[in-house]
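Enquirer: Contents of start.pdb (PDB, C-alpha atoms):
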```pdb
MODEL        1
ATOM      1  CA  MET A   1       0.764  14.740   0.434
ATOM      2  CA  ASN A   2       4.109  14.542  -1.325
ATOM      3  CA  GLU A   3       5.611  13.674  -4.717
ATOM      4  CA  THR A   4       5.518   9.965  -3.877
ATOM      5  CA  ASP A   5       1.768  10.209  -3.257
ATOM      6  CA  LEU A   6       1.251  11.941  -6.602
ATOM      7  CA  PHE A   7       3.377   9.330  -8.407
ATOM      8  CA  PHE A   8       1.389   6.383  -7.050
ATOM      9  CA  LEU A   9      -1.910   8.182  -7.487
ATOM     10  CA  ARG A  10      -1.098   8.614 -11.171
ATOM     11  CA  ARG A  11      -0.338   4.890 -11.367
ATOM     12  CA  ALA A  12      -3.760   4.172  -9.847
ATOM     13  CA  ILE A  13      -5.353   6.440 -12.468
ATOM     14  CA  ALA A  14      -3.440   4.551 -15.194
ATOM     15  CA  LEU A  15      -4.834   1.298 -13.763
ATOM     16  CA  ALA A  16      -8.315   2.795 -13.982
ATOM     17  CA  GLN A  17      -7.698   3.489 -17.675
ATOM     18  CA  GLN A  18      -6.460  -0.083 -18.101
ATOM     19  CA  SER A  19      -9.582  -1.372 -16.337
ATOM     20  CA  ARG A  20     -11.726   0.574 -18.795
ATOM     21  CA  GLN A  21      -9.764  -0.847 -21.733
ATOM     22  CA  ASN A  22     -10.303  -4.328 -20.292
ATOM     23  CA  GLY A  23     -14.081  -3.826 -20.407
ATOM     24  CA  ASN A  24     -14.683  -2.832 -16.797
ATOM     25  CA  HIS A  25     -15.605   0.338 -14.963
ATOM     26  CA  PRO A  26     -12.704   2.838 -14.824
ATOM     27  CA  PHE A  27     -11.308   2.331 -11.325
ATOM     28  CA  GLY A  28      -7.836   1.246 -10.152
ATOM     29  CA  ALA A  29      -5.993   0.831  -6.847
ATOM     30  CA  ILE A  30      -2.437   0.193  -5.638
ATOM     31  CA  LEU A  31      -1.111  -0.888  -2.249
ATOM     32  CA  VAL A  32       2.313   0.442  -1.252
ATOM     33  CA  ASP A  33       4.315  -0.362   1.872
ATOM     34  CA  ALA A  34       6.082   2.196   4.072
ATOM     35  CA  THR A  35       9.276   1.948   2.006
ATOM     36  CA  GLY A  36       7.506   2.725  -1.284
ATOM     37  CA  TYR A  37       7.424  -0.866  -2.539
ATOM     38  CA  VAL A  38       4.288  -1.818  -4.499
ATOM     39  CA  LEU A  39       2.718  -4.843  -2.816
ATOM     40  CA  ALA A  40      -0.330  -5.251  -5.055
ATOM     41  CA  GLU A  41      -2.390  -3.639  -7.783
ATOM     42  CA  ALA A  42      -6.011  -4.209  -8.742
ATOM     43  CA  GLU A  43      -8.538  -3.098 -11.300
ATOM     44  CA  ASN A  44     -12.287  -3.059 -11.196
ATOM     45  CA  SER A  45     -13.731  -6.404 -12.339
ATOM     46  CA  VAL A  46     -17.470  -5.830 -12.009
ATOM     47  CA  VAL A  47     -18.285  -6.450 -15.680
ATOM     48  CA  THR A  48     -15.827  -9.165 -16.696
ATOM     49  CA  GLU A  49     -16.257 -11.202 -13.491
ATOM     50  CA  LYS A  50     -20.014 -10.500 -13.279
ATOM     51  CA  ASP A  51     -19.490  -9.548  -9.626
ATOM     52  CA  ALA A  52     -21.116  -6.413  -8.240
ATOM     53  CA  THR A  53     -18.502  -6.363  -5.453
ATOM     54  CA  GLY A  54     -15.563  -6.398  -7.876
ATOM     55  CA  HIS A  55     -14.465  -2.857  -7.072
ATOM     56  CA  ALA A  56     -10.739  -2.159  -7.446
ATOM     57  CA  GLU A  57     -10.200  -1.400  -3.746
ATOM     58  CA  LEU A  58     -12.104  -4.467  -2.585
ATOM     59  CA  ASN A  59     -10.181  -6.676  -5.032
ATOM     60  CA  LEU A  60      -6.957  -5.160  -3.702
ATOM     61  CA  VAL A  61      -7.829  -5.618  -0.018
ATOM     62  CA  ARG A  62      -8.920  -9.207  -0.651
ATOM     63  CA  LYS A  63      -5.587  -9.952  -2.337
ATOM     64  CA  ALA A  64      -3.530  -8.111   0.296
ATOM     65  CA  SER A  65      -5.203  -9.711   3.312
ATOM     66  CA  GLN A  66      -4.440 -13.144   1.925
ATOM     67  CA  GLN A  67      -0.748 -12.308   1.507
ATOM     68  CA  PHE A  68       0.132  -9.934   4.355
ATOM     69  CA  SER A  69      -0.523  -9.674   8.076
ATOM     70  CA  ALA A  70      -2.924  -7.118   9.491
ATOM     71  CA  GLU A  71       0.013  -5.628  11.384
ATOM     72  CA  SER A  72       2.009  -5.016   8.203
ATOM     73  CA  LEU A  73      -1.021  -3.620   6.348
ATOM     74  CA  GLN A  74      -1.406  -0.995   9.076
ATOM     75  CA  HIS A  75       1.767   0.631   7.715
ATOM     76  CA  CYS A  76       0.632   0.600   4.076
ATOM     77  CA  THR A  77      -1.005   3.184   1.834
ATOM     78  CA  LEU A  78      -3.818   2.358  -0.552
ATOM     79  CA  TYR A  79      -3.808   4.682  -3.577
ATOM     80  CA  THR A  80      -7.013   4.784  -5.558
ATOM     81  CA  SER A  81      -8.222   6.587  -8.643
ATOM     82  CA  THR A  82     -11.537   7.437  -6.966
ATOM     83  CA  GLU A  83     -12.591   7.860  -3.355
ATOM     84  CA  PRO A  84     -13.541   4.481  -1.868
ATOM     85  CA  CYS A  85     -17.279   3.825  -1.678
ATOM     86  CA  ALA A  86     -18.908   2.699   1.575
ATOM     87  CA  MET A  87     -18.330  -0.993   0.747
ATOM     88  CA  CYS A  88     -14.663  -0.473  -0.122
ATOM     89  CA  SER A  89     -14.134   1.763   2.903
ATOM     90  CA  GLY A  90     -15.431  -1.078   5.057
ATOM     91  CA  ALA A  91     -12.992  -3.490   3.405
ATOM     92  CA  ILE A  92     -10.101  -1.057   3.923
ATOM     93  CA  TYR A  93     -11.087  -0.675   7.571
ATOM     94  CA  TRP A  94     -11.396  -4.435   8.180
ATOM     95  CA  GLY A  95      -8.203  -5.047   6.217
ATOM     96  CA  ASN A  96      -6.381  -2.756   8.661
ATOM     97  CA  ILE A  97      -4.860  -0.530   5.977
ATOM     98  CA  GLY A  98      -3.483   2.546   7.679
ATOM     99  CA  ARG A  99      -3.633   5.214   4.985
ATOM    100  CA  VAL A 100      -5.762   6.030   1.931
ATOM    101  CA  VAL A 101      -4.913   8.540  -0.805
ATOM    102  CA  TYR A 102      -7.517   9.117  -3.512
ATOM    103  CA  ALA A 103      -7.910  11.223  -6.645
ATOM    104  CA  LEU A 104     -11.537  11.832  -7.697
ATOM    105  CA  SER A 105     -13.971  12.472  -4.846
ATOM    106  CA  GLU A 106     -17.181  10.485  -4.407
ATOM    107  CA  GLU A 107     -19.035  13.763  -4.977
ATOM    108  CA  GLY A 108     -17.147  14.305  -8.245
ATOM    109  CA  LEU A 109     -17.948  10.756  -9.333
ATOM    110  CA  LEU A 110     -21.624  11.288  -8.574
ATOM    111  CA  ARG A 111     -21.608  14.363 -10.823
ATOM    112  CA  LEU A 112     -20.204  12.192 -13.642
ATOM    113  CA  THR A 113     -22.389   9.127 -13.226
ATOM    114  CA  GLY A 114     -25.640  10.733 -12.104
ATOM    115  CA  SER A 115     -28.227   8.014 -11.657
ATOM    116  CA  HIS A 116     -26.485   5.531 -13.938
ATOM    117  CA  PRO A 117     -27.796   2.057 -13.016
ATOM    118  CA  GLU A 118     -24.315   0.494 -13.035
ATOM    119  CA  ASN A 119     -22.951   2.944 -10.479
ATOM    120  CA  PRO A 120     -25.563   4.044  -7.941
ATOM    121  CA  THR A 121     -22.986   6.145  -6.113
ATOM    122  CA  PHE A 122     -23.461   6.843  -2.411
ATOM    123  CA  SER A 123     -23.183  10.379  -1.193
ATOM    124  CA  LEU A 124     -21.054   9.135   1.697
ATOM    125  CA  PRO A 125     -17.401  10.176   1.973
ATOM    126  CA  CYS A 126     -14.938   7.513   3.129
ATOM    127  CA  ARG A 127     -13.924   9.777   6.013
ATOM    128  CA  ASP A 128     -17.464   9.484   7.371
ATOM    129  CA  VAL A 129     -17.361   5.687   7.163
ATOM    130  CA  PHE A 130     -13.975   5.550   8.908
ATOM    131  CA  ALA A 131     -15.144   8.018  11.578
ATOM    132  CA  CYS A 132     -17.671   5.417  12.738
ATOM    133  CA  GLY A 133     -14.957   2.842  13.435
ATOM    134  CA  GLN A 134     -12.639   2.287  16.368
ATOM    135  CA  ARG A 135      -9.582   2.781  14.173
ATOM    136  CA  LYS A 136      -9.145   5.865  12.005
ATOM    137  CA  PRO A 137      -7.123   5.342   8.815
ATOM    138  CA  GLU A 138      -5.460   8.521   7.578
ATOM    139  CA  VAL A 139      -7.213   9.889   4.482
ATOM    140  CA  ILE A 140      -5.757  12.287   1.926
ATOM    141  CA  GLY A 141      -7.772  13.519  -1.028
ATOM    142  CA  PRO A 142      -9.165  14.524  -3.319
ATOM    143  CA  LEU A 143      -6.024  15.110  -5.398
ATOM    144  CA  LEU A 144      -5.497  15.210  -9.181
ATOM    145  CA  GLU A 145      -9.255  15.283  -9.741
ATOM    146  CA  GLU A 146      -9.005  16.535 -13.321
ATOM    147  CA  GLU A 147      -6.657  13.678 -14.271
ATOM    148  CA  ALA A 148      -8.895  11.122 -12.588
ATOM    149  CA  ARG A 149     -12.045  12.601 -14.125
ATOM    150  CA  ALA A 150     -10.562  12.271 -17.623
ATOM    151  CA  VAL A 151     -10.588   8.456 -17.342
ATOM    152  CA  HIS A 152     -14.383   8.567 -16.887
ATOM    153  CA  GLU A 153     -15.122  10.975 -19.747
ATOM    154  CA  GLY A 154     -17.607   9.429 -22.142
ATOM    155  CA  PHE A 155     -17.840   6.202 -20.147
ATOM    156  CA  TRP A 156     -21.093   6.658 -18.241
ATOM    157  CA  GLY A 157     -23.121   7.914 -21.223
ATOM    158  CA  GLU A 158     -25.426   5.717 -23.263
ATOM    159  CA  GLY A 159     -23.689   3.128 -25.402
ATOM    160  CA  ASN A 160     -20.396   3.291 -23.521
ATOM    161  CA  LEU A 161     -20.799   0.213 -21.348
TER     162      LEU A 161
ENDMDL
END
```
As structure tokens, how would this structure be written, given the file I've shared?
Expert:
Amino acid sequence: MNETDLFFLRRAIALAQQSRQNGNHPFGAILVDATGYVLAEAENSVVTEKDATGHAELNLVRKASQQFSAESLQHCTLYTSTEPCAMCSGAIYWGNIGRVVYALSEEGLLRLTGSHPENPTFSLPCRDVFACGQRKPEVIGPLLEEEARAVHEGFWGEGNL
């Protein structure tokens, strides 16, 4: 972890806030190449697109794999406001992204959402998903959990969706 990681992680958290303001769940993700150039950004789109798979990371990987080779994605970092769920971890793995840096842990998210029907959070860390694969993306996190948690405050309660 370095200052560059913290900078881009804060941008992912800002995207999560933007996603919330746009009427979606508060999640955001950014893809950055090895030189620090932002290749793509994505928000959650579950609500506005009426797509249960519209998670920020999955939207980002879908976009990135259409524009960049698997070889180049291997040298990229995906920054995300919240630890990737099992579905998104699978997309990151299949997209060949080499590094993941996340803010709020899946465990921390579960404490916030509880049994909310719009976010039946897995208790399955992304490291465990990646450990089952033949390729092991580097994972750093959780970092800046308090900042990432703030984006969710008041969202998962009644009347906030």
Enquirer: Name all residues at most 6 Å from A:Pro142 (count only C-alpha atoms; drop same-chain ones fewer than 5 positions away) and give them as an NGL selection string.
Expert: :A and (102-105)
Enquirer: For stretch 63-157 of chain A against stretch 17-28 of chain A, with a cut-off of 7 Å and counting only C-alpha atoms, what is the closest atom pair and its distance in Å to one decimal for every residue that makes the cut, ordered by chain and number, as a tab-separated table?
Expert:
```
residue	atom	partner	partner_atom	distance
A:Thr80	CA	A:Gly28	CA	5.9
A:Ser81	CA	A:Gly28	CA	5.6
A:Thr82	CA	A:Phe27	CA	6.7
A:Val151	CA	A:Gln17	CA	5.8
A:His152	CA	A:Pro26	CA	6.3
```
Enquirer: Within 6 Å of A:Cys76, counting all atoms listed in the file, which residues qualify if same-chain residues fewer than 6 places away don't, as a list in words?
Expert: Val32, Asp33, Ala34, Ile97 and Gly98 of chain A
Enquirer: Go ahead and save the picked residues with C-alpha atoms, as a tab-separated table (two decimals), in the frame of the given file.
Expert:
```
chain	number	residue	atom	x	y	z
A	32	VAL	CA	2.31	0.44	-1.25
A	33	ASP	CA	4.32	-0.36	1.87
A	34	ALA	CA	6.08	2.20	4.07
A	97	ILE	CA	-4.86	-0.53	5.98
A	98	GLY	CA	-3.48	2.55	7.68
```
Enquirer: Determine, using all atoms listed in the file, which residues of stretch 5-70 of chain A have any atom at most 10 Å from an atom of stretch 114-128 of chain A, and tabulate each with its shortest atom pair and distance in Å to one decimal place, rows ordered by chain and then rising number, as a Markdown table.
Expert:
```
| residue | atom | partner | partner_atom | distance |
| --- | --- | --- | --- | --- |
| A:His25 | CA | A:Glu118 | CA | 8.9 |
| A:Val46 | CA | A:Glu118 | CA | 9.4 |
| A:Val47 | CA | A:Glu118 | CA | 9.6 |
| A:Ala52 | CA | A:Glu118 | CA | 9.0 |
```
Enquirer: Which of these residues is nearest to A:Ala16, using only C-alpha atoms: A:Tyr37, A:Trp94, A:Phe68, A:Tyr79?
Expert: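 So, comparing all the options, the nearest one is A:Tyr79.
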Enquirer: Near A:Val101, counting only C-alpha atoms, which residues have an atom at most 9 Å away, once you skip same-chain residues fewer than 5 positions from it, shown as a PyMOL selection string?
Expert: chain A and resi 1+5+9+77-81+83+138-143
Enquirer: What is the atom CA of A:Gly36-atom CA of A:Gly95 distance in Å, reported with one decimal?
Expert: 19.1 Å
Enquirer: To one decimal place, how far is atom CA of A:Pro137 from atom CA of A:Ser69 in Å?
Expert: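 It comes out at 16.4 Å.
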Enquirer: Identify which of the residues A:Glu57, A:Ile13, A:Glu3, A:Gln134 lies closest to A:Glu147, counting all atoms listed in the file when measuring atom-to-atom distances.
Expert: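 The answer is A:Ile13, which sits nearest to A:Glu147.
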Enquirer: Which is closer to A:Cys85 than all the others in A:Thr53, A:Ser72, A:Thr48, A:Ser65, using all atoms listed in the file?
Expert: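 Among the listed residues, A:Thr53 lies closest to A:Cys85.
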Enquirer: I'd like the interatomic distance between atom CA of A:Glu145 and atom CA of A:Pro84, to a tenth of an Å.
Expert: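 Answer for the atom CA of A:Glu145 to atom CA of A:Pro84 separation: 14.0 Å.
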Enquirer: Could you name the residues that touch A:Asn44 at 6 Å or less, counting all atoms listed in the file, but leaving out those on the same chain fewer than 3 positions away, as a list of chain:residue names?
Expert: A:Phe27, A:Gly54, A:His55, A:Ala56
Enquirer: Find, counting only C-alpha atoms, the residue in A:Tyr93, A:Ser45, A:Leu144, A:Gly154 that gets nearest to A:Cys132.
Expert: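 Of the candidates, the smallest distance to A:Cys132 is held by A:Tyr93.
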